[in-house]
Protein chains: 2
Amino acid sequence: MSRVLVVDDEPPIVRALAINLRARGYEVVTAGDGAGALQQAAAQPPDVVVLDLGLPDLDGVDVITGLRTWTSVPILVLSGRSDSADKVDALDAGADDYVTKPFGMDELTARLRAMLRRNTTAESSATVEFGDVVVDLAATRVTRAGQEVRLTPTEWHLLEVLVRHPGRLLSQRQLLTDVWGPGYETAQGNLRLYIAQLRRKLEPDPSRPRYFRTEPGMGYRFEAGP
Amino acid sequence: MSRVLVVDDEPPIVRALAINLRARGYEVVTAGDGAGALQQAAAQPPDVVVLDLGLPDLDGVDVITGLRTWTSVPILVLSGRSDSADKVDALDAGADDYVTKPFGMDELTARLRAMLRRNTTAESSATVEFGDVVVDLAATRVTRAGQEVRLTPTEWHLLEVLVRHPGRLLSQRQLLTDVWGPGYETAQGNLRLYIAQLRRKLEPDPSRPRYFRTEPGMGYRFEAGP
DNA sequence: GGGCCGGTGTCAGGGTCCTGTCAGGACCCG
DNA sequence: CGGGTCCTGACAGGACCCTGACACCGGCCC
C-alpha cells in the first residue's frame, strides 16, 4: 500500500492523522519538524507527503524546496493560515495541494487519493509470477529469467486463461471453450499439444511439470509459485 | 502556452476567468454547459480544465467521468458547495483539485500552475530513444544519428501510438482505430505498409526488425532500446 | 502375470492463415 | 502539371494451427 509521510509539530494532530490514515490502509511515517521530514523522506521515500507549514525549525516553504531538489513526490500542505499569499507561495514552491485547518478527514483523504491516483495509474501493470517466469497481462508479454519468451496467439490465450485462475482446477471442456470457443469440445488432442508447448517454454523441467499440473481424467491446474 | 478549458454557466464568471487567465498568458477556451465541455475538450484538447459543478444540463460528476473515459487532463473543480461529501465525490470521480467559491484569483492561478507543472514536467521527458533514433513527441520530430528523418503524417501518427506504449503489445485492431479512426478495422494491408515504412526509415536492419517487432497473429510491439 | 483400455505426452506432416513486399492508380495541393 | 501521400490488389514466403499416428502409464479384468 501507499506510504504517507506526515509532518506536523503538534503530536495530537499527527496522532489523529496517523490513526485515520492507517485505518484506511496507508502506511504512515511521521516527522515532527522540517529536518526530520527531510531525513525521513530520504530514508523511507513516501508516495505522498502531508506537510504542516508551521514547523518549529524550518519555514514550510523551505521544506518544500528542500524536497523538490531531489524528488517529485506529491506534497499536500496543511496550514492554519487561509491567507491567499501563503497558498500561492507554497504552491509555487512546489506543493501540489493546500488545505486549511480545520479540515475534514474525508476531504483530506479524498485529496490524497486524487494525488496518488495520478502517480500510480501509469505504471501499475497486472503481472503473475511463478518460478523465474513473469507474465505481464497488460503488456501481453512473458519473460523467463529476464529473457523474453515468444508465444503464439493460442499459447498466449491458453496461458492467460490458466493464470487468471490460479490454484483452480479447469476442466478440459472449459479450457477448450475459453480458448477455442464453443464447438471445439472434442479437440482434446489440441489442448494436450498446447499444454505441452507451454510446459516446454515455461517449466524448469517440462517432463515433470510443477506449475501446469495434470489432474488425470479431470483437467489441468495452474499452481502459482514463489 | 497552455490551453485552459473553462466550463461555467454564468457568463460573468466565465468572462472574469477568461480575462484573468489570458492576462497571465493562457489560451482560454470556454463552454457553458456539460455537453459543450465534452465537445470542446475533444475538439481542442486542453492542458487543464476548470469546471463549475453547477451546470444546467449535466451533473458535474458526470462531466468528470465523461472526460476521464478518454483523457487524463487535470481537472480543477469550482463549486459554491463547500460540503465535504461533494468534494469527495468530485475528487473520487477523477477531479484533481476542488476550490470553493468565493475564491481568490491568485490562489486559483497558483493551483493551475501547480497542476500544469506536474503535467509538463512529466512531458518534458517527452523524447523516446532507441538505437540512434530520438523521437521528440512534443516537437513532432524524429532524428537518427543526429540527422532529421522525414515522416509523413500517417507514419508519424503510427509511430506516436507505438512509442507511447513501450513494451506493450498493440493489436492490429487497436492500432488501426488509433491511427485511422473507427471503421478501418479491415485495412490491415495498410497497417503492414506503414509498419514496413517505419522500419525502413528507423530500423538498423529493416529486414530483421529490433524495435518494431511483429507478434504473428496478435499485433506489433515497440521495444524501447538503449 | 498377461492382456486390454482409457487417458496422456510426443512427434511429424500438410493445410491454412498471416506477414512482408512490390507495383499501380486515386487523390490532394502547390 | 508534378510531387508527395495514401490506398488497393496481388503474390511469395513463413508462421501457425490442426490432424493423425504412435509410445507411455496406470488401472482393471481375466
# chains A, B, ... in the order shown; residues from 1 in each chain; ligands from 1
call {"tool": "calpha_fit_and_write", "arguments": {"fixed": "chain B", "moving": "chain A", "output": "PDB file with C-alpha atoms, in the first residue's frame"}}
result
ATOM      1  CA  MET A   1      -2.125  20.417 -21.587  1.00  0.00           C
ATOM      2  CA  SER A   2      -5.542  20.889 -20.126  1.00  0.00           C
ATOM      3  CA  ARG A   3      -7.431  24.136 -20.440  1.00  0.00           C
ATOM      4  CA  VAL A   4      -9.141  25.622 -17.394  1.00  0.00           C
ATOM      5  CA  LEU A   5     -11.825  28.297 -17.546  1.00  0.00           C
ATOM      6  CA  VAL A   6     -11.739  30.425 -14.379  1.00  0.00           C
ATOM      7  CA  VAL A   7     -14.864  32.470 -13.730  1.00  0.00           C
ATOM      8  CA  ASP A   8     -14.792  34.997 -10.893  1.00  0.00           C
ATOM      9  CA  ASP A   9     -15.663  38.671 -10.549  1.00  0.00           C
ATOM     10  CA  GLU A  10     -12.847  39.527  -8.159  1.00  0.00           C
ATOM     11  CA  PRO A  11      -9.673  40.225 -10.126  1.00  0.00           C
ATOM     12  CA  PRO A  12      -7.281  39.330  -7.276  1.00  0.00           C
ATOM     13  CA  ILE A  13      -8.753  35.876  -6.972  1.00  0.00           C
ATOM     14  CA  VAL A  14      -8.705  35.358 -10.716  1.00  0.00           C
ATOM     15  CA  ARG A  15      -5.113  36.456 -10.827  1.00  0.00           C
ATOM     16  CA  ALA A  16      -4.060  34.200  -7.965  1.00  0.00           C
ATOM     17  CA  LEU A  17      -5.791  31.217  -9.531  1.00  0.00           C
ATOM     18  CA  ALA A  18      -4.390  31.892 -12.947  1.00  0.00           C
ATOM     19  CA  ILE A  19      -0.831  32.191 -11.675  1.00  0.00           C
ATOM     20  CA  ASN A  20      -1.061  29.025  -9.631  1.00  0.00           C
ATOM     21  CA  LEU A  21      -2.689  26.993 -12.351  1.00  0.00           C
ATOM     22  CA  ARG A  22      -0.303  28.164 -15.046  1.00  0.00           C
ATOM     23  CA  ALA A  23       2.590  27.288 -12.762  1.00  0.00           C
ATOM     24  CA  ARG A  24       1.194  23.764 -12.672  1.00  0.00           C
ATOM     25  CA  GLY A  25       1.112  23.545 -16.419  1.00  0.00           C
ATOM     26  CA  TYR A  26      -2.519  24.349 -17.177  1.00  0.00           C
ATOM     27  CA  GLU A  27      -3.703  26.670 -19.884  1.00  0.00           C
ATOM     28  CA  VAL A  28      -5.938  29.265 -18.243  1.00  0.00           C
ATOM     29  CA  VAL A  29      -8.811  31.228 -19.729  1.00  0.00           C
ATOM     30  CA  THR A  30     -10.684  33.728 -17.568  1.00  0.00           C
ATOM     31  CA  ALA A  31     -14.057  35.418 -17.424  1.00  0.00           C
ATOM     32  CA  GLY A  32     -15.351  38.058 -15.028  1.00  0.00           C
ATOM     33  CA  ASP A  33     -19.071  37.428 -15.242  1.00  0.00           C
ATOM     34  CA  GLY A  34     -21.618  34.835 -16.262  1.00  0.00           C
ATOM     35  CA  ALA A  35     -22.147  36.104 -19.788  1.00  0.00           C
ATOM     36  CA  GLY A  36     -18.418  36.141 -20.407  1.00  0.00           C
ATOM     37  CA  ALA A  37     -18.133  32.648 -18.999  1.00  0.00           C
ATOM     38  CA  LEU A  38     -20.681  31.238 -21.414  1.00  0.00           C
ATOM     39  CA  GLN A  39     -19.027  33.071 -24.256  1.00  0.00           C
ATOM     40  CA  GLN A  40     -15.524  31.892 -23.410  1.00  0.00           C
ATOM     41  CA  ALA A  41     -16.682  28.334 -22.881  1.00  0.00           C
ATOM     42  CA  ALA A  42     -18.100  28.336 -26.399  1.00  0.00           C
ATOM     43  CA  ALA A  43     -15.137  30.100 -27.985  1.00  0.00           C
ATOM     44  CA  GLN A  44     -12.418  28.021 -26.340  1.00  0.00           C
ATOM     45  CA  PRO A  45     -14.011  24.853 -24.972  1.00  0.00           C
ATOM     46  CA  PRO A  46     -12.252  24.134 -21.670  1.00  0.00           C
ATOM     47  CA  ASP A  47     -11.479  20.752 -20.137  1.00  0.00           C
ATOM     48  CA  VAL A  48     -12.716  21.929 -16.739  1.00  0.00           C
ATOM     49  CA  VAL A  49     -14.484  25.007 -15.373  1.00  0.00           C
ATOM     50  CA  VAL A  50     -13.805  26.735 -12.031  1.00  0.00           C
ATOM     51  CA  LEU A  51     -16.841  28.829 -11.277  1.00  0.00           C
ATOM     52  CA  ASP A  52     -17.465  31.359  -8.517  1.00  0.00           C
ATOM     53  CA  LEU A  53     -21.129  31.521  -7.618  1.00  0.00           C
ATOM     54  CA  GLY A  54     -21.189  35.216  -6.696  1.00  0.00           C
ATOM     55  CA  LEU A  55     -21.273  36.832 -10.088  1.00  0.00           C
ATOM     56  CA  PRO A  56     -22.611  40.329 -10.805  1.00  0.00           C
ATOM     57  CA  ASP A  57     -24.842  39.578 -13.777  1.00  0.00           C
ATOM     58  CA  LEU A  58     -26.178  36.040 -13.533  1.00  0.00           C
ATOM     59  CA  ASP A  59     -26.980  33.665 -10.753  1.00  0.00           C
ATOM     60  CA  GLY A  60     -24.323  30.974 -10.500  1.00  0.00           C
ATOM     61  CA  VAL A  61     -26.826  28.186 -10.903  1.00  0.00           C
ATOM     62  CA  ASP A  62     -28.002  29.743 -14.139  1.00  0.00           C
ATOM     63  CA  VAL A  63     -24.467  29.686 -15.450  1.00  0.00           C
ATOM     64  CA  ILE A  64     -24.279  25.982 -14.635  1.00  0.00           C
ATOM     65  CA  THR A  65     -27.536  25.186 -16.357  1.00  0.00           C
ATOM     66  CA  GLY A  66     -26.505  27.351 -19.295  1.00  0.00           C
ATOM     67  CA  LEU A  67     -23.341  25.349 -19.719  1.00  0.00           C
ATOM     68  CA  ARG A  68     -25.114  22.061 -19.212  1.00  0.00           C
ATOM     69  CA  THR A  69     -27.451  22.683 -22.109  1.00  0.00           C
ATOM     70  CA  TRP A  70     -24.664  21.858 -24.515  1.00  0.00           C
ATOM     71  CA  THR A  71     -21.564  20.582 -22.734  1.00  0.00           C
ATOM     72  CA  SER A  72     -20.733  18.026 -20.074  1.00  0.00           C
ATOM     73  CA  VAL A  73     -17.444  19.651 -19.122  1.00  0.00           C
ATOM     74  CA  PRO A  74     -16.690  19.138 -15.412  1.00  0.00           C
ATOM     75  CA  ILE A  75     -17.597  22.170 -13.275  1.00  0.00           C
ATOM     76  CA  LEU A  76     -16.009  22.945  -9.928  1.00  0.00           C
ATOM     77  CA  VAL A  77     -17.901  25.561  -7.959  1.00  0.00           C
ATOM     78  CA  LEU A  78     -16.193  28.032  -5.661  1.00  0.00           C
ATOM     79  CA  SER A  79     -18.333  29.808  -3.122  1.00  0.00           C
ATOM     80  CA  GLY A  80     -18.129  31.857   0.017  1.00  0.00           C
ATOM     81  CA  ARG A  81     -21.408  30.352   1.186  1.00  0.00           C
ATOM     82  CA  SER A  82     -21.023  27.153   3.135  1.00  0.00           C
ATOM     83  CA  ASP A  83     -24.780  26.762   3.418  1.00  0.00           C
ATOM     84  CA  SER A  84     -25.823  23.223   2.675  1.00  0.00           C
ATOM     85  CA  ALA A  85     -28.755  24.294   0.515  1.00  0.00           C
ATOM     86  CA  ASP A  86     -26.501  26.252  -1.801  1.00  0.00           C
ATOM     87  CA  LYS A  87     -24.274  23.244  -2.302  1.00  0.00           C
ATOM     88  CA  VAL A  88     -27.219  21.001  -3.056  1.00  0.00           C
ATOM     89  CA  ASP A  89     -28.645  23.460  -5.552  1.00  0.00           C
ATOM     90  CA  ALA A  90     -25.365  23.862  -7.389  1.00  0.00           C
ATOM     91  CA  LEU A  91     -24.613  20.160  -7.474  1.00  0.00           C
ATOM     92  CA  ASP A  92     -28.089  19.256  -8.626  1.00  0.00           C
ATOM     93  CA  ALA A  93     -27.924  21.909 -11.306  1.00  0.00           C
ATOM     94  CA  GLY A  94     -25.032  20.029 -12.841  1.00  0.00           C
ATOM     95  CA  ALA A  95     -21.907  21.023 -10.912  1.00  0.00           C
ATOM     96  CA  ASP A  96     -19.440  18.251 -10.161  1.00  0.00           C
ATOM     97  CA  ASP A  97     -17.720  19.614  -7.075  1.00  0.00           C
ATOM     98  CA  TYR A  98     -18.154  22.403  -4.577  1.00  0.00           C
ATOM     99  CA  VAL A  99     -15.395  24.084  -2.588  1.00  0.00           C
ATOM    100  CA  THR A 100     -15.986  26.789   0.002  1.00  0.00           C
ATOM    101  CA  LYS A 101     -13.745  29.775   0.501  1.00  0.00           C
ATOM    102  CA  PRO A 102     -11.244  30.022   1.936  1.00  0.00           C
ATOM    103  CA  PHE A 103      -9.706  27.095   0.147  1.00  0.00           C
ATOM    104  CA  GLY A 104      -6.209  25.668  -0.117  1.00  0.00           C
ATOM    105  CA  MET A 105      -4.646  25.786  -3.543  1.00  0.00           C
ATOM    106  CA  ASP A 106      -3.288  22.259  -3.094  1.00  0.00           C
ATOM    107  CA  GLU A 107      -6.736  20.913  -2.443  1.00  0.00           C
ATOM    108  CA  LEU A 108      -8.215  22.794  -5.348  1.00  0.00           C
ATOM    109  CA  THR A 109      -5.673  21.497  -7.808  1.00  0.00           C
ATOM    110  CA  ALA A 110      -6.015  17.973  -6.425  1.00  0.00           C
ATOM    111  CA  ARG A 111      -9.744  18.178  -7.067  1.00  0.00           C
ATOM    112  CA  LEU A 112      -9.124  19.486 -10.563  1.00  0.00           C
ATOM    113  CA  ARG A 113      -6.769  16.583 -11.219  1.00  0.00           C
ATOM    114  CA  ALA A 114      -9.412  14.158 -10.020  1.00  0.00           C
ATOM    115  CA  MET A 115     -11.991  15.662 -12.373  1.00  0.00           C
ATOM    116  CA  LEU A 116      -9.649  15.725 -15.340  1.00  0.00           C
ATOM    117  CA  ARG A 117      -8.458  12.202 -14.684  1.00  0.00           C
ATOM    118  CA  ARG A 118     -11.945  10.834 -15.072  1.00  0.00           C
ATOM    119  CA  ASN A 119     -12.408  12.542 -18.402  1.00  0.00           C
ATOM    120  CA  THR A 120      -9.092  11.796 -20.022  1.00  0.00           C
ATOM    121  CA  THR A 121      -8.255   8.250 -18.990  1.00  0.00           C
ATOM    122  CA  ALA A 122     -10.475   6.597 -21.556  1.00  0.00           C
ATOM    123  CA  GLU A 123      -9.382   8.307 -24.714  1.00  0.00           C
ATOM    124  CA  SER A 124      -5.674   8.816 -24.276  1.00  0.00           C
ATOM    125  CA  SER A 125      -3.899   6.328 -26.464  1.00  0.00           C
ATOM    126  CA  ALA A 126      -0.229   6.356 -27.214  1.00  0.00           C
ATOM    127  CA  THR A 127       0.352   6.957 -30.907  1.00  0.00           C
ATOM    128  CA  VAL A 128       3.465   7.535 -32.979  1.00  0.00           C
ATOM    129  CA  GLU A 129       3.157   9.308 -36.320  1.00  0.00           C
ATOM    130  CA  PHE A 130       5.427   9.677 -39.313  1.00  0.00           C
ATOM    131  CA  GLY A 131       4.439  10.740 -42.778  1.00  0.00           C
ATOM    132  CA  ASP A 132       0.834   9.648 -43.295  1.00  0.00           C
ATOM    133  CA  VAL A 133       1.280   6.663 -41.003  1.00  0.00           C
ATOM    134  CA  VAL A 134      -0.179   6.452 -37.502  1.00  0.00           C
ATOM    135  CA  VAL A 135       0.947   3.726 -35.127  1.00  0.00           C
ATOM    136  CA  ASP A 136      -1.437   3.198 -32.212  1.00  0.00           C
ATOM    137  CA  LEU A 137       0.539   1.278 -29.631  1.00  0.00           C
ATOM    138  CA  ALA A 138      -2.393   0.817 -27.262  1.00  0.00           C
ATOM    139  CA  ALA A 139      -4.782  -0.567 -29.849  1.00  0.00           C
ATOM    140  CA  THR A 140      -2.091  -2.431 -31.764  1.00  0.00           C
ATOM    141  CA  ARG A 141      -3.154  -0.832 -35.012  1.00  0.00           C
ATOM    142  CA  VAL A 142      -1.411   0.847 -37.912  1.00  0.00           C
ATOM    143  CA  THR A 143      -3.071   3.134 -40.426  1.00  0.00           C
ATOM    144  CA  ARG A 144      -1.661   4.784 -43.506  1.00  0.00           C
ATOM    145  CA  ALA A 145      -3.534   7.760 -44.937  1.00  0.00           C
ATOM    146  CA  GLY A 146      -6.480   6.566 -42.869  1.00  0.00           C
ATOM    147  CA  GLN A 147      -6.418   3.083 -44.367  1.00  0.00           C
ATOM    148  CA  GLU A 148      -5.703   0.208 -42.049  1.00  0.00           C
ATOM    149  CA  VAL A 149      -2.451  -1.627 -42.695  1.00  0.00           C
ATOM    150  CA  ARG A 150      -2.311  -5.306 -41.825  1.00  0.00           C
ATOM    151  CA  LEU A 151       0.843  -6.438 -40.097  1.00  0.00           C
ATOM    152  CA  THR A 152       1.885  -9.936 -39.128  1.00  0.00           C
ATOM    153  CA  PRO A 153       2.906 -10.531 -35.497  1.00  0.00           C
ATOM    154  CA  THR A 154       6.618 -10.379 -36.267  1.00  0.00           C
ATOM    155  CA  GLU A 155       6.226  -7.248 -38.355  1.00  0.00           C
ATOM    156  CA  TRP A 156       4.293  -5.587 -35.585  1.00  0.00           C
ATOM    157  CA  HIS A 157       6.775  -6.609 -32.937  1.00  0.00           C
ATOM    158  CA  LEU A 158       9.676  -5.244 -34.917  1.00  0.00           C
ATOM    159  CA  LEU A 159       7.824  -2.022 -35.637  1.00  0.00           C
ATOM    160  CA  GLU A 160       7.018  -1.622 -31.970  1.00  0.00           C
ATOM    161  CA  VAL A 161      10.651  -1.969 -30.930  1.00  0.00           C
ATOM    162  CA  LEU A 162      11.714   0.570 -33.545  1.00  0.00           C
ATOM    163  CA  VAL A 163       9.139   3.260 -32.833  1.00  0.00           C
ATOM    164  CA  ARG A 164       9.648   3.000 -29.101  1.00  0.00           C
ATOM    165  CA  HIS A 165      13.187   4.260 -29.630  1.00  0.00           C
ATOM    166  CA  PRO A 166      12.786   7.135 -32.102  1.00  0.00           C
ATOM    167  CA  GLY A 167      16.049   8.509 -33.433  1.00  0.00           C
ATOM    168  CA  ARG A 168      18.149   5.872 -31.705  1.00  0.00           C
ATOM    169  CA  LEU A 169      20.442   3.520 -33.490  1.00  0.00           C
ATOM    170  CA  LEU A 170      19.488  -0.071 -32.772  1.00  0.00           C
ATOM    171  CA  SER A 171      22.065  -2.745 -33.489  1.00  0.00           C
ATOM    172  CA  GLN A 172      21.029  -5.864 -35.301  1.00  0.00           C
ATOM    173  CA  ARG A 173      21.904  -7.860 -32.231  1.00  0.00           C
ATOM    174  CA  GLN A 174      19.557  -5.801 -30.078  1.00  0.00           C
ATOM    175  CA  LEU A 175      16.717  -5.935 -32.596  1.00  0.00           C
ATOM    176  CA  LEU A 176      17.101  -9.666 -32.948  1.00  0.00           C
ATOM    177  CA  THR A 177      17.030 -10.349 -29.225  1.00  0.00           C
ATOM    178  CA  ASP A 178      14.156  -7.898 -28.663  1.00  0.00           C
ATOM    179  CA  VAL A 179      11.965  -9.355 -31.382  1.00  0.00           C
ATOM    180  CA  TRP A 180      12.957 -13.002 -31.597  1.00  0.00           C
ATOM    181  CA  GLY A 181      14.352 -13.479 -28.126  1.00  0.00           C
ATOM    182  CA  PRO A 182      17.796 -14.612 -27.071  1.00  0.00           C
ATOM    183  CA  GLY A 183      19.492 -17.208 -29.240  1.00  0.00           C
ATOM    184  CA  TYR A 184      18.573 -15.715 -32.609  1.00  0.00           C
ATOM    185  CA  GLU A 185      21.559 -13.414 -32.945  1.00  0.00           C
ATOM    186  CA  THR A 186      22.606 -15.123 -36.170  1.00  0.00           C
ATOM    187  CA  ALA A 187      19.307 -14.798 -38.029  1.00  0.00           C
ATOM    188  CA  GLN A 188      20.280 -11.556 -39.696  1.00  0.00           C
ATOM    189  CA  GLY A 189      18.778 -12.560 -42.986  1.00  0.00           C
ATOM    190  CA  ASN A 190      15.520 -12.718 -41.160  1.00  0.00           C
ATOM    191  CA  LEU A 191      15.848  -9.216 -39.829  1.00  0.00           C
ATOM    192  CA  ARG A 192      16.602  -7.892 -43.298  1.00  0.00           C
ATOM    193  CA  LEU A 193      13.479  -9.610 -44.542  1.00  0.00           C
ATOM    194  CA  TYR A 194      11.185  -7.972 -42.033  1.00  0.00           C
ATOM    195  CA  ILE A 195      12.773  -4.561 -42.313  1.00  0.00           C
ATOM    196  CA  ALA A 196      12.075  -4.782 -46.027  1.00  0.00           C
ATOM    197  CA  GLN A 197       8.541  -5.829 -45.288  1.00  0.00           C
ATOM    198  CA  LEU A 198       7.943  -2.827 -43.038  1.00  0.00           C
ATOM    199  CA  ARG A 199       9.390  -0.505 -45.631  1.00  0.00           C
ATOM    200  CA  ARG A 200       7.194  -2.008 -48.318  1.00  0.00           C
ATOM    201  CA  LYS A 201       4.103  -1.459 -46.211  1.00  0.00           C
ATOM    202  CA  LEU A 202       4.898   1.894 -44.607  1.00  0.00           C
ATOM    203  CA  GLU A 203       7.506   3.830 -46.579  1.00  0.00           C
ATOM    204  CA  PRO A 204       6.415   6.300 -49.299  1.00  0.00           C
ATOM    205  CA  ASP A 205       9.239   4.973 -51.487  1.00  0.00           C
ATOM    206  CA  PRO A 206      10.440   1.616 -50.176  1.00  0.00           C
ATOM    207  CA  SER A 207      13.555   1.647 -52.341  1.00  0.00           C
ATOM    208  CA  ARG A 208      14.654   4.910 -50.730  1.00  0.00           C
ATOM    209  CA  PRO A 209      13.769   4.505 -47.059  1.00  0.00           C
ATOM    210  CA  ARG A 210      13.125   7.688 -45.131  1.00  0.00           C
ATOM    211  CA  TYR A 211      11.857   6.522 -41.764  1.00  0.00           C
ATOM    212  CA  PHE A 212      13.462   3.110 -41.372  1.00  0.00           C
ATOM    213  CA  ARG A 213      17.054   3.887 -42.201  1.00  0.00           C
ATOM    214  CA  THR A 214      19.970   1.541 -42.611  1.00  0.00           C
ATOM    215  CA  GLU A 215      23.242   2.327 -40.883  1.00  0.00           C
ATOM    216  CA  PRO A 216      25.630   0.040 -42.754  1.00  0.00           C
ATOM    217  CA  GLY A 217      27.595  -2.223 -40.509  1.00  0.00           C
ATOM    218  CA  MET A 218      25.777  -0.976 -37.414  1.00  0.00           C
ATOM    219  CA  GLY A 219      22.054  -1.523 -37.496  1.00  0.00           C
ATOM    220  CA  TYR A 220      18.830   0.373 -38.159  1.00  0.00           C
ATOM    221  CA  ARG A 221      17.361   3.640 -36.983  1.00  0.00           C
ATOM    222  CA  PHE A 222      13.751   4.799 -36.881  1.00  0.00           C
ATOM    223  CA  GLU A 223      13.512   8.474 -37.725  1.00  0.00           C
ATOM    224  CA  ALA A 224      10.263  10.074 -36.570  1.00  0.00           C
ATOM    225  CA  GLY A 225       8.719  12.447 -39.071  1.00  0.00           C
ATOM    226  CA  PRO A 226       6.165  15.251 -39.323  1.00  0.00           C
TER     227      PRO A 226
END
call {"tool": "interface_residues", "arguments": {"of": "chain C", "to": "chain A", "cutoff": "10 Å", "atoms": "only C-alpha atoms (C1' of nucleotides)", "output": "compact mmCIF listing (two decimals) with N, CA, C and O atoms (P, O5', C5', C4', C3', O3' and C1' of nucleotides), in the first residue's frame"}}
result
# COMPACT_ATOMS: atom_id res chain seq x y z
P DG C 6 -11.72 -47.91 -23.92
O5' DG C 6 -11.57 -46.54 -23.11
C5' DG C 6 -12.01 -46.47 -21.75
C4' DG C 6 -11.13 -45.50 -20.98
C3' DG C 6 -11.02 -44.10 -21.61
O3' DG C 6 -11.24 -43.12 -20.63
C1' DG C 6 -8.86 -45.02 -21.27
P DG C 7 -11.33 -41.59 -21.09
O5' DG C 7 -9.87 -41.09 -20.73
C5' DG C 7 -9.41 -41.22 -19.37
C4' DG C 7 -7.96 -40.82 -19.30
C3' DG C 7 -7.64 -39.47 -19.98
O3' DG C 7 -6.97 -38.64 -19.06
C1' DG C 7 -6.13 -41.16 -20.69
P DT C 8 -6.64 -37.12 -19.49
O5' DT C 8 -5.10 -37.18 -19.89
C5' DT C 8 -4.14 -37.59 -18.92
C4' DT C 8 -2.80 -37.79 -19.60
C3' DT C 8 -2.25 -36.57 -20.34
O3' DT C 8 -1.13 -36.07 -19.64
C1' DT C 8 -1.92 -38.59 -21.56
P DG C 9 -0.37 -34.78 -20.20
O5' DG C 9 0.80 -35.39 -21.10
C5' DG C 9 1.91 -36.02 -20.47
C4' DG C 9 2.92 -36.47 -21.51
C3' DG C 9 3.55 -35.35 -22.34
O3' DG C 9 4.96 -35.54 -22.42
C1' DG C 9 2.57 -36.96 -23.78
P DT C 10 5.85 -34.45 -23.16
O5' DT C 10 6.01 -35.01 -24.64
C5' DT C 10 6.60 -36.30 -24.83
C4' DT C 10 6.61 -36.68 -26.31
C3' DT C 10 7.13 -35.58 -27.25
O3' DT C 10 8.38 -36.01 -27.79
C1' DT C 10 5.18 -36.67 -28.12
call {"tool": "interface_residues", "arguments": {"of": "chain D", "to": "chain A", "cutoff": "12 Å", "atoms": "only C-alpha atoms (C1' of nucleotides)", "output": "count of residues only"}}
result
9
call {"tool": "atom_distance", "arguments": {"atom1": "C1' of DG2 in chain C", "atom2": "C1' of DC22 in chain D"}}
result
21.7 Å
call {"tool": "atom_distance", "arguments": {"atom1": "C1' of DG30 in chain C", "atom2": "C1' of DT8 in chain D"}}
result
26.1 Å
call {"tool": "select_by_dssp", "arguments": {"residues": "range 11-197 of chain A", "states": "helix (DSSP H, G or I)", "output": "ChimeraX atom specification"}}
result
/A:11-23,34-43,60-68,84-93,105-120,153-163,172-180,188-197
call {"tool": "atom_distance", "arguments": {"atom1": "C1' of DG3 in chain D", "atom2": "C1' of DG25 in chain C"}}
result
15.3 Å
